[in-house]
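Novice: I am sharing upload-v7.txt, which consists of compact mmCIF, C-alpha atoms:
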```
# COMPACT_ATOMS: atom_id res chain seq x y z
CA MET A 1 96.21 41.01 108.58
CA ASN A 2 95.81 43.84 111.10
CA GLU A 3 92.31 43.47 112.50
CA GLN A 4 92.37 46.93 114.19
CA ASN A 5 92.50 48.70 110.83
CA LEU A 6 89.28 47.15 109.68
CA LYS A 7 86.19 49.26 109.41
CA PRO A 8 83.30 47.64 111.28
CA ASP A 9 81.06 47.48 108.21
CA SER A 10 83.64 45.66 106.11
CA SER A 11 84.63 42.97 108.59
CA ASP A 12 82.33 40.38 107.07
CA ARG A 13 83.75 41.00 103.65
CA ARG A 14 87.30 40.79 104.94
CA ALA A 15 86.55 37.49 106.63
CA PHE A 16 85.09 36.23 103.39
CA LEU A 17 88.14 37.33 101.43
CA LYS A 18 90.47 35.70 103.95
CA ALA A 19 88.57 32.45 103.70
CA GLY A 20 88.77 32.66 99.93
CA ALA A 21 92.49 33.35 100.10
CA VAL A 22 93.14 29.99 101.68
CA ALA A 23 91.67 28.27 98.70
CA THR A 24 92.59 30.47 95.76
CA GLY A 25 94.75 33.47 96.71
CA THR A 26 98.04 34.37 98.32
CA ALA A 27 98.55 37.20 100.81
CA LEU A 28 101.25 39.48 99.39
CA ALA A 29 101.11 42.06 102.18
CA PRO A 30 98.57 42.91 104.87
CA GLY A 31 95.29 43.58 103.09
CA VAL A 32 96.68 42.79 99.64
CA LEU A 33 95.63 39.53 98.11
CA LEU A 34 96.74 37.98 94.89
CA PHE A 35 94.01 35.85 93.41
CA GLY A 36 95.01 33.27 90.85
CA VAL A 37 93.81 34.28 87.42
CA ALA A 38 91.73 31.49 85.89
CA GLN A 39 94.33 29.27 84.27
CA ALA A 40 93.94 28.34 80.63
CA ARG A 41 93.73 24.62 80.00
CA ALA A 42 96.75 23.01 78.38
CA PRO A 43 95.99 22.04 74.75
CA GLY A 44 96.14 18.34 75.66
CA GLU A 45 93.82 18.67 78.63
CA PRO A 46 90.13 17.83 78.04
CA ALA A 47 87.31 20.20 79.00
CA SER A 48 86.46 19.72 82.66
CA ASP A 49 83.04 19.29 84.28
CA LYS A 50 84.29 21.45 87.16
CA VAL A 51 83.64 24.39 84.84
CA ARG A 52 80.25 25.45 83.53
CA TRP A 53 80.34 28.22 80.97
CA GLY A 54 77.43 30.62 81.11
CA MET A 55 76.29 34.07 80.16
CA ILE A 56 74.24 36.80 81.79
CA ILE A 57 72.57 39.37 79.56
CA ASP A 58 71.37 42.60 81.16
CA THR A 59 68.47 43.66 78.95
CA THR A 60 68.31 47.08 80.63
CA LYS A 61 71.72 47.87 79.11
CA CYS A 62 70.98 46.29 75.73
CA ALA A 63 70.22 49.07 73.25
CA SER A 64 67.40 48.46 70.80
CA GLY A 65 68.70 48.92 67.27
CA CYS A 66 72.24 47.92 68.23
CA SER A 67 73.36 44.65 66.67
CA ASP A 68 77.10 44.71 67.39
CA CYS A 69 76.93 41.27 69.00
CA VAL A 70 75.35 39.81 65.87
CA THR A 71 77.96 41.39 63.58
CA ALA A 72 80.79 40.19 65.80
CA CYS A 73 79.40 36.66 65.81
CA ASN A 74 79.11 36.66 62.03
CA THR A 75 82.70 37.86 61.65
CA GLU A 76 84.14 35.41 64.16
CA ASN A 77 82.32 32.38 62.82
CA GLY A 78 82.26 33.23 59.12
CA LEU A 79 78.47 33.58 58.80
CA SER A 80 77.12 35.57 55.87
CA GLY A 81 74.99 37.87 58.00
CA ALA A 82 71.94 37.33 55.80
CA THR A 83 68.68 36.83 57.71
CA GLY A 84 66.49 34.95 55.24
CA PRO A 85 64.57 31.83 56.25
CA GLN A 86 67.40 29.58 55.02
CA ASP A 87 70.32 31.60 56.40
CA SER A 88 72.26 30.69 59.53
CA GLN A 89 71.79 32.96 62.53
CA TRP A 90 73.64 31.96 65.67
CA ILE A 91 72.54 35.05 67.58
CA ARG A 92 69.51 37.25 66.84
CA LYS A 93 68.33 40.56 68.26
CA LEU A 94 64.71 40.41 69.43
CA ASN A 95 62.42 43.24 70.43
CA ILE A 96 59.72 42.05 72.80
CA ARG A 97 56.76 43.88 74.34
CA HIS A 98 54.91 42.89 77.47
CA LEU A 99 51.25 42.60 76.47
CA LYS A 100 49.78 44.08 79.65
CA SER A 101 52.30 46.68 80.76
CA GLY A 102 53.56 47.60 77.30
CA VAL A 103 57.19 47.48 78.48
CA GLU A 104 59.49 47.05 75.49
CA THR A 105 62.74 45.13 75.79
CA SER A 106 65.53 44.43 73.34
CA LEU A 107 67.66 41.35 73.83
CA PRO A 108 69.96 38.97 71.98
CA MET A 109 68.71 35.37 71.68
CA LEU A 110 71.22 32.58 71.18
CA CYS A 111 71.72 28.94 72.11
CA GLN A 112 70.97 28.85 75.85
CA HIS A 113 73.44 26.00 76.49
CA CYS A 114 70.97 24.10 78.69
CA GLU A 115 72.04 21.66 81.35
CA HIS A 116 69.33 19.33 80.02
CA PRO A 117 69.28 20.19 76.31
CA PRO A 118 66.22 18.94 74.37
CA CYS A 119 68.31 18.97 71.16
CA VAL A 120 70.60 16.33 72.66
CA ASP A 121 67.61 14.27 73.85
CA VAL A 122 66.09 13.97 70.39
CA CYS A 123 69.22 13.55 68.26
CA PRO A 124 69.08 10.10 66.62
CA THR A 125 72.83 9.85 65.94
CA GLY A 126 74.41 11.42 69.02
CA ALA A 127 75.71 14.34 66.96
CA SER A 128 74.00 16.87 69.18
CA MET A 129 76.03 16.82 72.36
CA LYS A 130 76.91 18.63 75.57
CA ARG A 131 80.58 18.98 76.38
CA ALA A 132 81.82 18.41 79.93
CA ASP A 133 82.05 22.16 80.52
CA GLY A 134 78.40 22.70 79.55
CA ILE A 135 78.85 23.92 75.97
CA VAL A 136 76.21 22.39 73.68
CA LEU A 137 77.61 21.57 70.23
CA VAL A 138 76.78 19.73 67.02
CA ASP A 139 79.32 17.12 65.91
CA ARG A 140 79.10 17.60 62.14
CA HIS A 141 80.93 14.34 61.57
CA THR A 142 77.85 12.44 62.77
CA CYS A 143 75.09 14.97 61.99
CA ILE A 144 72.81 13.61 59.25
CA GLY A 145 70.86 16.84 58.89
CA CYS A 146 67.50 15.46 60.04
CA ARG A 147 66.71 18.69 61.92
CA TYR A 148 64.89 17.06 64.84
CA CYS A 149 66.99 19.26 67.14
CA MET A 150 65.72 22.38 65.40
CA MET A 151 62.18 21.24 66.12
CA ALA A 152 63.01 20.39 69.74
CA CYS A 153 64.79 23.64 70.63
CA PRO A 154 62.37 25.97 72.47
CA TYR A 155 64.58 28.97 71.67
CA LYS A 156 64.73 28.54 67.88
CA ALA A 157 68.48 28.74 68.28
CA ARG A 158 69.57 26.30 65.57
CA SER A 159 70.06 26.76 61.84
CA PHE A 160 70.52 24.36 58.97
CA VAL A 161 73.10 24.94 56.24
CA HIS A 162 71.26 24.62 52.93
CA GLU A 163 73.95 25.59 50.42
CA PRO A 164 77.59 24.53 49.89
CA LEU A 165 80.07 26.83 51.62
CA THR A 166 83.64 27.83 50.77
CA ASP A 167 86.43 29.77 52.48
CA GLN A 168 85.39 28.88 56.02
CA ASN A 169 87.28 30.08 59.05
CA PRO A 170 89.86 27.29 59.64
CA GLU A 171 88.85 27.34 63.31
CA VAL A 172 85.11 27.13 62.61
CA PRO A 173 84.37 24.36 60.12
CA ARG A 174 80.84 24.64 58.65
CA GLY A 175 79.22 22.93 55.71
CA LYS A 176 76.11 22.01 53.82
CA GLY A 177 73.77 19.41 55.29
CA CYS A 178 74.45 20.00 58.97
CA VAL A 179 72.63 21.79 61.76
CA GLU A 180 74.60 24.42 63.64
CA SER A 181 74.21 26.94 66.44
CA CYS A 182 76.13 29.18 68.82
CA THR A 183 79.21 27.40 70.18
CA PHE A 184 80.02 29.97 72.92
CA CYS A 185 83.04 30.65 70.64
CA VAL A 186 84.49 27.32 71.73
CA GLN A 187 87.66 28.02 69.73
CA LYS A 188 88.30 31.11 71.86
CA VAL A 189 87.38 29.33 75.10
CA ASP A 190 89.78 26.49 74.30
CA ARG A 191 92.55 29.01 73.60
CA GLY A 192 92.02 30.27 77.15
CA GLU A 193 90.58 33.64 76.15
CA ASN A 194 87.46 32.79 78.18
CA THR A 195 85.28 35.24 76.33
CA THR A 196 83.07 35.27 73.24
CA ALA A 197 83.00 37.52 70.19
CA CYS A 198 79.56 38.93 71.10
CA VAL A 199 80.60 39.83 74.65
CA GLU A 200 83.79 41.48 73.40
CA ALA A 201 81.82 43.55 70.89
CA CYS A 202 79.22 44.58 73.47
CA ASN A 203 81.96 45.74 75.83
CA ALA A 204 83.82 47.51 73.03
CA ALA A 205 80.66 49.40 72.11
CA GLY A 206 80.40 50.54 75.73
CA HIS A 207 77.10 48.79 76.55
CA LYS A 208 78.56 46.04 78.76
CA ALA A 209 75.22 44.25 78.66
CA MET A 210 76.70 40.77 78.28
CA LEU A 211 78.84 38.84 80.72
CA PHE A 212 80.54 35.50 80.03
CA GLY A 213 82.22 33.28 82.57
CA ASP A 214 82.38 30.16 84.68
CA LEU A 215 79.14 29.75 86.68
CA ASN A 216 80.82 27.16 88.93
CA ASP A 217 83.64 29.46 90.06
CA PRO A 218 82.31 31.42 93.05
CA GLN A 219 84.99 34.11 92.51
CA SER A 220 84.01 34.80 88.91
CA GLU A 221 82.21 38.01 88.00
CA ILE A 222 79.32 36.06 86.51
CA ALA A 223 78.79 33.97 89.65
CA GLN A 224 78.93 37.10 91.81
CA THR A 225 76.40 38.84 89.55
CA MET A 226 74.09 35.84 89.62
CA LYS A 227 74.29 35.80 93.41
CA THR A 228 73.62 39.53 93.73
CA TYR A 229 70.93 40.23 91.13
CA ALA A 230 67.77 38.44 90.10
CA THR A 231 68.28 36.71 86.78
CA THR A 232 65.69 34.89 84.71
CA GLU A 233 65.78 31.86 82.46
CA VAL A 234 63.69 32.07 79.32
CA ARG A 235 61.03 29.35 79.51
CA ALA A 236 62.09 28.43 83.04
CA ASP A 237 58.96 26.26 83.16
CA LEU A 238 60.77 23.70 81.00
CA ARG A 239 63.37 23.26 83.76
CA LEU A 240 66.27 23.03 81.33
CA ASN A 241 68.60 25.02 83.63
CA THR A 242 69.92 27.24 80.87
CA GLY A 243 73.49 28.55 80.86
CA VAL A 244 72.31 31.89 79.43
CA ARG A 245 70.32 34.02 81.86
CA TYR A 246 68.68 37.42 81.48
CA GLN A 247 68.32 40.41 83.77
CA GLY A 248 65.40 42.80 83.46
CA ILE A 249 62.80 40.63 81.74
CA MET B 1 75.20 -22.39 20.34
CA ALA B 2 76.61 -23.68 23.62
CA ARG B 3 80.00 -24.20 21.94
CA VAL B 4 80.15 -20.57 20.81
CA LEU B 5 79.26 -19.44 24.33
CA HIS B 6 82.02 -21.61 25.80
CA ASN B 7 84.51 -20.12 23.37
CA LEU B 8 83.45 -16.61 24.30
CA ILE B 9 83.81 -17.30 28.03
CA ALA B 10 87.22 -18.88 27.51
CA TRP B 11 88.47 -15.88 25.51
CA GLY B 12 87.02 -13.51 28.06
CA LEU B 13 88.83 -15.22 30.91
CA LEU B 14 92.08 -15.17 28.97
CA VAL B 15 91.85 -11.43 28.34
CA LEU B 16 91.00 -10.81 31.99
CA LEU B 17 93.97 -12.87 33.18
CA ALA B 18 96.32 -11.08 30.82
CA SER B 19 95.17 -7.66 31.99
CA LEU B 20 95.53 -8.69 35.63
CA LEU B 21 99.09 -9.88 35.03
CA MET B 22 100.03 -6.71 33.21
CA ALA B 23 98.51 -4.22 35.64
CA PRO B 24 101.11 -4.55 38.43
CA ALA B 25 103.88 -4.30 35.86
CA ALA B 26 102.51 -0.94 34.76
CA VAL B 27 102.39 0.32 38.36
CA MET B 28 105.92 -0.93 39.07
CA ALA B 29 107.20 0.95 36.05
CA GLY B 30 105.85 4.15 37.66
CA VAL B 31 103.22 4.90 35.06
CA ASN B 32 100.64 7.47 36.18
CA LYS B 33 101.88 7.60 39.75
CA PRO B 34 100.43 10.63 41.56
CA VAL B 35 102.61 13.74 41.58
CA LEU B 36 102.25 15.59 44.85
CA GLU B 37 102.44 19.28 45.53
CA ARG B 38 103.91 18.96 49.02
CA GLY B 39 103.90 22.60 50.05
CA LYS B 40 106.32 23.41 52.86
CA GLY B 41 106.12 19.89 54.34
CA GLU B 42 109.79 18.93 54.61
CA ARG B 43 109.33 16.63 57.55
CA CYS B 44 106.02 15.10 58.67
CA VAL B 45 104.98 14.53 62.30
CA GLU B 46 105.21 10.79 61.60
CA ASP B 47 107.12 8.55 59.21
CA THR B 48 105.95 8.99 55.59
CA GLU B 49 105.21 5.29 55.09
CA PHE B 50 103.18 5.24 58.31
CA MET B 51 101.26 8.36 57.29
CA ARG B 52 100.40 6.93 53.87
CA ARG B 53 98.60 4.01 55.48
CA ASN B 54 97.35 5.55 58.74
CA HIS B 55 96.69 9.28 58.30
CA MET B 56 92.93 8.67 58.23
CA ALA B 57 92.99 6.83 61.56
CA LEU B 58 95.04 9.57 63.21
CA LEU B 59 92.71 12.25 61.87
CA LYS B 60 89.59 10.42 62.97
CA HIS B 61 90.94 9.86 66.47
CA HIS B 62 92.00 13.48 66.77
CA ARG B 63 88.70 14.79 65.42
CA ASP B 64 86.74 13.03 68.17
CA ASP B 65 89.17 14.19 70.86
CA THR B 66 88.92 17.78 69.68
CA MET B 67 85.21 17.89 68.94
CA ARG B 68 83.90 16.03 71.96
CA ARG B 69 86.54 16.61 74.64
CA GLY B 70 88.08 19.92 73.67
CA ILE B 71 91.62 18.55 73.27
CA ARG B 72 93.43 20.86 70.90
CA THR B 73 96.92 19.42 70.47
CA THR B 74 98.42 20.30 67.09
CA LYS B 75 100.50 17.21 66.29
CA HIS B 76 97.76 15.22 64.53
CA SER B 77 95.33 18.03 63.75
CA LEU B 78 93.89 18.58 60.29
CA LYS B 79 94.76 22.27 60.63
CA GLY B 80 98.38 21.22 61.11
CA CYS B 81 98.29 19.19 57.87
CA VAL B 82 96.87 22.16 55.96
CA ASP B 83 99.35 24.64 57.45
CA CYS B 84 102.28 22.56 56.23
CA HIS B 85 101.01 21.01 53.00
CA ALA B 86 99.09 23.86 51.36
CA SER B 87 100.39 24.19 47.82
CA SER B 88 102.58 27.16 46.96
CA LYS B 89 100.63 27.58 43.70
CA THR B 90 97.02 27.41 44.88
CA GLY B 91 97.57 28.05 48.61
CA SER B 92 95.30 25.07 49.28
CA VAL B 93 95.50 21.32 49.88
CA ALA B 94 92.51 20.53 47.67
CA ALA B 95 92.04 23.21 45.01
CA SER B 96 93.65 21.38 42.08
CA LYS B 97 94.34 17.74 41.21
CA GLU B 98 98.03 18.19 42.05
CA ASP B 99 97.39 19.56 45.53
CA PHE B 100 98.53 17.45 48.47
CA CYS B 101 95.30 15.66 49.39
CA MET B 102 93.77 15.46 45.95
CA ALA B 103 96.77 13.98 44.12
CA CYS B 104 96.44 10.59 45.85
CA HIS B 105 92.70 10.75 46.42
CA VAL B 106 92.01 11.36 42.74
CA TYR B 107 94.48 8.58 41.87
CA THR B 108 92.80 6.07 44.16
CA GLY B 109 89.29 7.33 43.47
CA VAL B 110 88.49 7.90 47.16
CA LYS B 111 86.14 10.86 47.67
CA LEU B 112 86.96 13.26 50.48
CA ASP B 113 84.26 14.86 52.63
CA CYS B 114 86.65 16.79 54.88
CA TRP B 115 86.67 19.87 52.69
CA ASP B 116 82.89 20.24 52.61
CA CYS B 117 83.25 21.85 56.03
CA HIS B 118 86.95 22.36 56.78
CA ALA B 119 89.02 25.17 55.29
CA THR B 120 91.53 24.00 52.71
CA LYS B 121 93.78 26.99 53.27
CA PRO B 122 95.98 27.86 56.27
CA MET B 123 94.77 30.25 58.98
CA LYS B 124 97.12 33.02 57.87
CA GLN B 125 95.34 33.21 54.52
CA TYR B 126 91.87 33.47 56.06
CA ARG B 127 90.03 36.75 55.52
CA PRO B 128 86.64 37.06 57.20
CA ALA B 129 83.97 37.88 54.63
CA ALA B 130 81.72 39.86 56.97
CA THR B 131 82.24 43.46 58.05
CA PRO B 132 84.78 44.35 60.77
CA ARG B 133 83.75 43.50 64.30
CA VAL B 134 83.77 47.06 65.67
CA THR B 135 84.24 49.99 63.32
CA PRO B 136 85.85 53.23 64.55
CA LEU B 137 82.55 55.00 63.79
CA MET B 138 80.65 52.66 66.10
CA VAL B 139 83.10 53.38 68.90
CA GLN B 140 82.79 57.12 68.31
CA GLN B 141 78.99 57.10 68.28
CA GLN B 142 78.50 54.88 71.28
CA GLY B 143 81.33 56.23 73.43
CA GLY B 144 83.05 52.88 73.89
CA GLN B 145 86.63 51.73 73.94
CA GLN B 146 88.45 50.35 70.92
CA PRO B 147 89.45 46.76 71.74
```
When written as structure tokens, how does the structure in this file appear?
Specialist:
Amino acid sequence: MNEQNLKPDSSDRRAFLKAGAVATGTALAPGVLLFGVAQARAPGEPASDKVRWGMIIDTTKCASGCSDCVTACNTENGLSGATGPQDSQWIRKLNIRHLKSGVETSLPMLCQHCEHPPCVDVCPTGASMKRADGIVLVDRHTCIGCRYCMMACPYKARSFVHEPLTDQNPEVPRGKGCVESCTFCVQKVDRGENTTACVEACNAAGHKAMLFGDLNDPQSEIAQTMKTYATTEVRADLRLNTGVRYQGI
Amino acid sequence: MARVLHNLIAWGLLVLLASLLMAPAAVMAGVNKPVLERGKGERCVEDTEFMRRNHMALLKHHRDDTMRRGIRTTKHSLKGCVDCHASSKTGSVAASKEDFCMACHVYTGVKLDCWDCHATKPMKQYRPAATPRVTPLMVQQQGGQQP
């Protein structure tokens, strides 16, 4: 790389990029770097704990009244979309108001995919579990439907299936008698798409309020965003180290 | 009184023995053997005899690998079974008593829980019930890009 061509203000960034190139990229030509695109896992390869999937939601870009993420989630996972007390909701739109300042915020609330999930702590059968890559799931084969996890979750993120279901999505098995919640679209993640239905819909609608990615990969957009902007955990006082973080609340 | 009781027990045992002796003969003659709707399934991923005895072990092993570790190989996956064995009549592996899973499971009287949660039809037949993810109108109104 020709050091004389560098602008003084960008030298730090260049040095950083060069250092990164040793680990992850290849220099094609002076100043042009090819960074390896995050490789999809082979189907036979288990989820790795080197990865931690997470999400950042920018509430300043989230439009109140828009529920595209909710619709996309329902379509992807075969949920009915009904919002009664006994219906499954994996992602909900909330409108919150700060009591003193009166600031109103709209945001989607979903499973926060905690590092220390209370739902996993209380599960008597081991059905509630955290995968190596940080995705919190319910193993329906061992779930007995006791709903302790629903009580334990501070985010009210879990639902119980009360009625028999038919015509499920072959990739998203769901049935009566089990607790369920957001899976970070694990079927898409395992295919190597590395995105979720809600994020895709938010981007498609032009809001770009949601960002999904690997928190452990310093090159990823989500890690860069987390490093640059202040993000908040909901109920940070519980020290659960959530995988979903919010901007602007 | 005791003599009558003894007679009854003796007769009862005789009838039981006779029925036990005759039962295998009926099976060997092929009476009431299950008739399978095999779907496409020309050639299974394992030997047919092996699958008859061990399909449940393979499925259970694979289910834990997939669910807990994210391993998504297709060779022993339930989705793979359904893709191949869905009936040409019902499009399903468990919609009628002749369909692939049900034929034997009804015959042996073993209840299946798989289909309480899992889809009985192949992926290509799946139609999401909810509304489309992003409608053209939504894109127009909110100035976004169609995916």
Novice: Of the candidates A:Ile57, A:Ile249, A:Ala42, A:Met109, which shows the shortest atom-to-atom distance to chain B, using only C-alpha atoms?
Specialist: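 Closest to chain B, using only C-alpha atoms: A:Ala42.
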Novice: From the set B:Asp47, B:Tyr107, B:Thr120, B:Ile71, which residue has the shortest atom-to-atom contact distance to Ala95 in chain B, counting all atoms listed in the file?
Specialist: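 For Ala95 in chain B, the nearest of the given residues is B:Thr120.
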Novice: Which residues, written as an MDAnalysis selection string, have at least one atom at most 12 Å from Asp99 in chain B, with all atoms listed in the file counted and residues fewer than 6 positions away on the same chain left out?
Specialist: chainID B and resid 34:39 82 85:93 105:107 120:121
Novice: Measuring atom to atom with all atoms listed in the file, identify which of B:Thr48, B:Thr66, B:Asn7, B:Thr73 is nearest to chain A.
Specialist: B:Thr73
Novice: Pick from A:Val122, A:Val51, A:Met129, A:Leu211: nearest to chain B, with only C-alpha atoms counted?
Specialist: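 Under the stated criterion, the closest residue is A:Met129.
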Novice: Just checking: using only C-alpha atoms, which residue out of B:Ala57, B:Cys114, B:Met67, B:Met51 ends up closest to Val186 in chain A?
Specialist: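 For Val186 in chain A, the nearest of the given residues is B:Met67.
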Novice: Pull out every residue of chain A sitting within 8 Å of chain B, counting all atoms listed in the file, and send them as a ChimeraX atom specification.
Specialist: /A:43-47,68,71-72,74-76,78-81,129,131-132,139,164-176,190,200-201,203-207
Novice: Do you have the CA of Val138 in chain A-CA of Arg191 in chain A distance handy?
Specialist: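 Separation between CA of Val138 in chain A and CA of Arg191 in chain A: 19.4 Å.
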Novice: Record the distance separating CA of Gly213 in chain A and CA of Arg52 in chain A, expressed in Å with one decimal.
Specialist: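 We find that CA of Gly213 in chain A and CA of Arg52 in chain A lie 8.1 Å from each other.
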Novice: Would you give the centre and edge lengths, in Å to one decimal, of a box along x, y and z around the listed atoms of range 57-63 of chain A, with 4 Å added to each side, as AutoDock Vina command-line options?
Specialist:
```
--center_x 70.4 --center_y 44.2 --center_z 77.2 --size_x 12.3 --size_y 17.7 --size_z 15.9
```
Novice: Provide the CA of Thr183 in chain A to CA of His62 in chain B distance in Å, to one decimal place.
Specialist: 19.2 Å
Novice: Give me the residues near Arg245 in chain A as a ChimeraX atom specification, where near means some atom within 12 Å (using only C-alpha atoms) and where sequence neighbours in that chain fewer than 3 positions away do not count.
Specialist: /A:53-59,107-114,209-213,215,222-223,225-226,229-236,240-242,248-249
Novice: Find the residues near Cys143 in chain A: any atom within 6 Å, counting all atoms listed in the file, skip ones fewer than 2 places away on the same chain, and give them as number ranges by chain.
Specialist: A: 127, 140-141, 145, 178
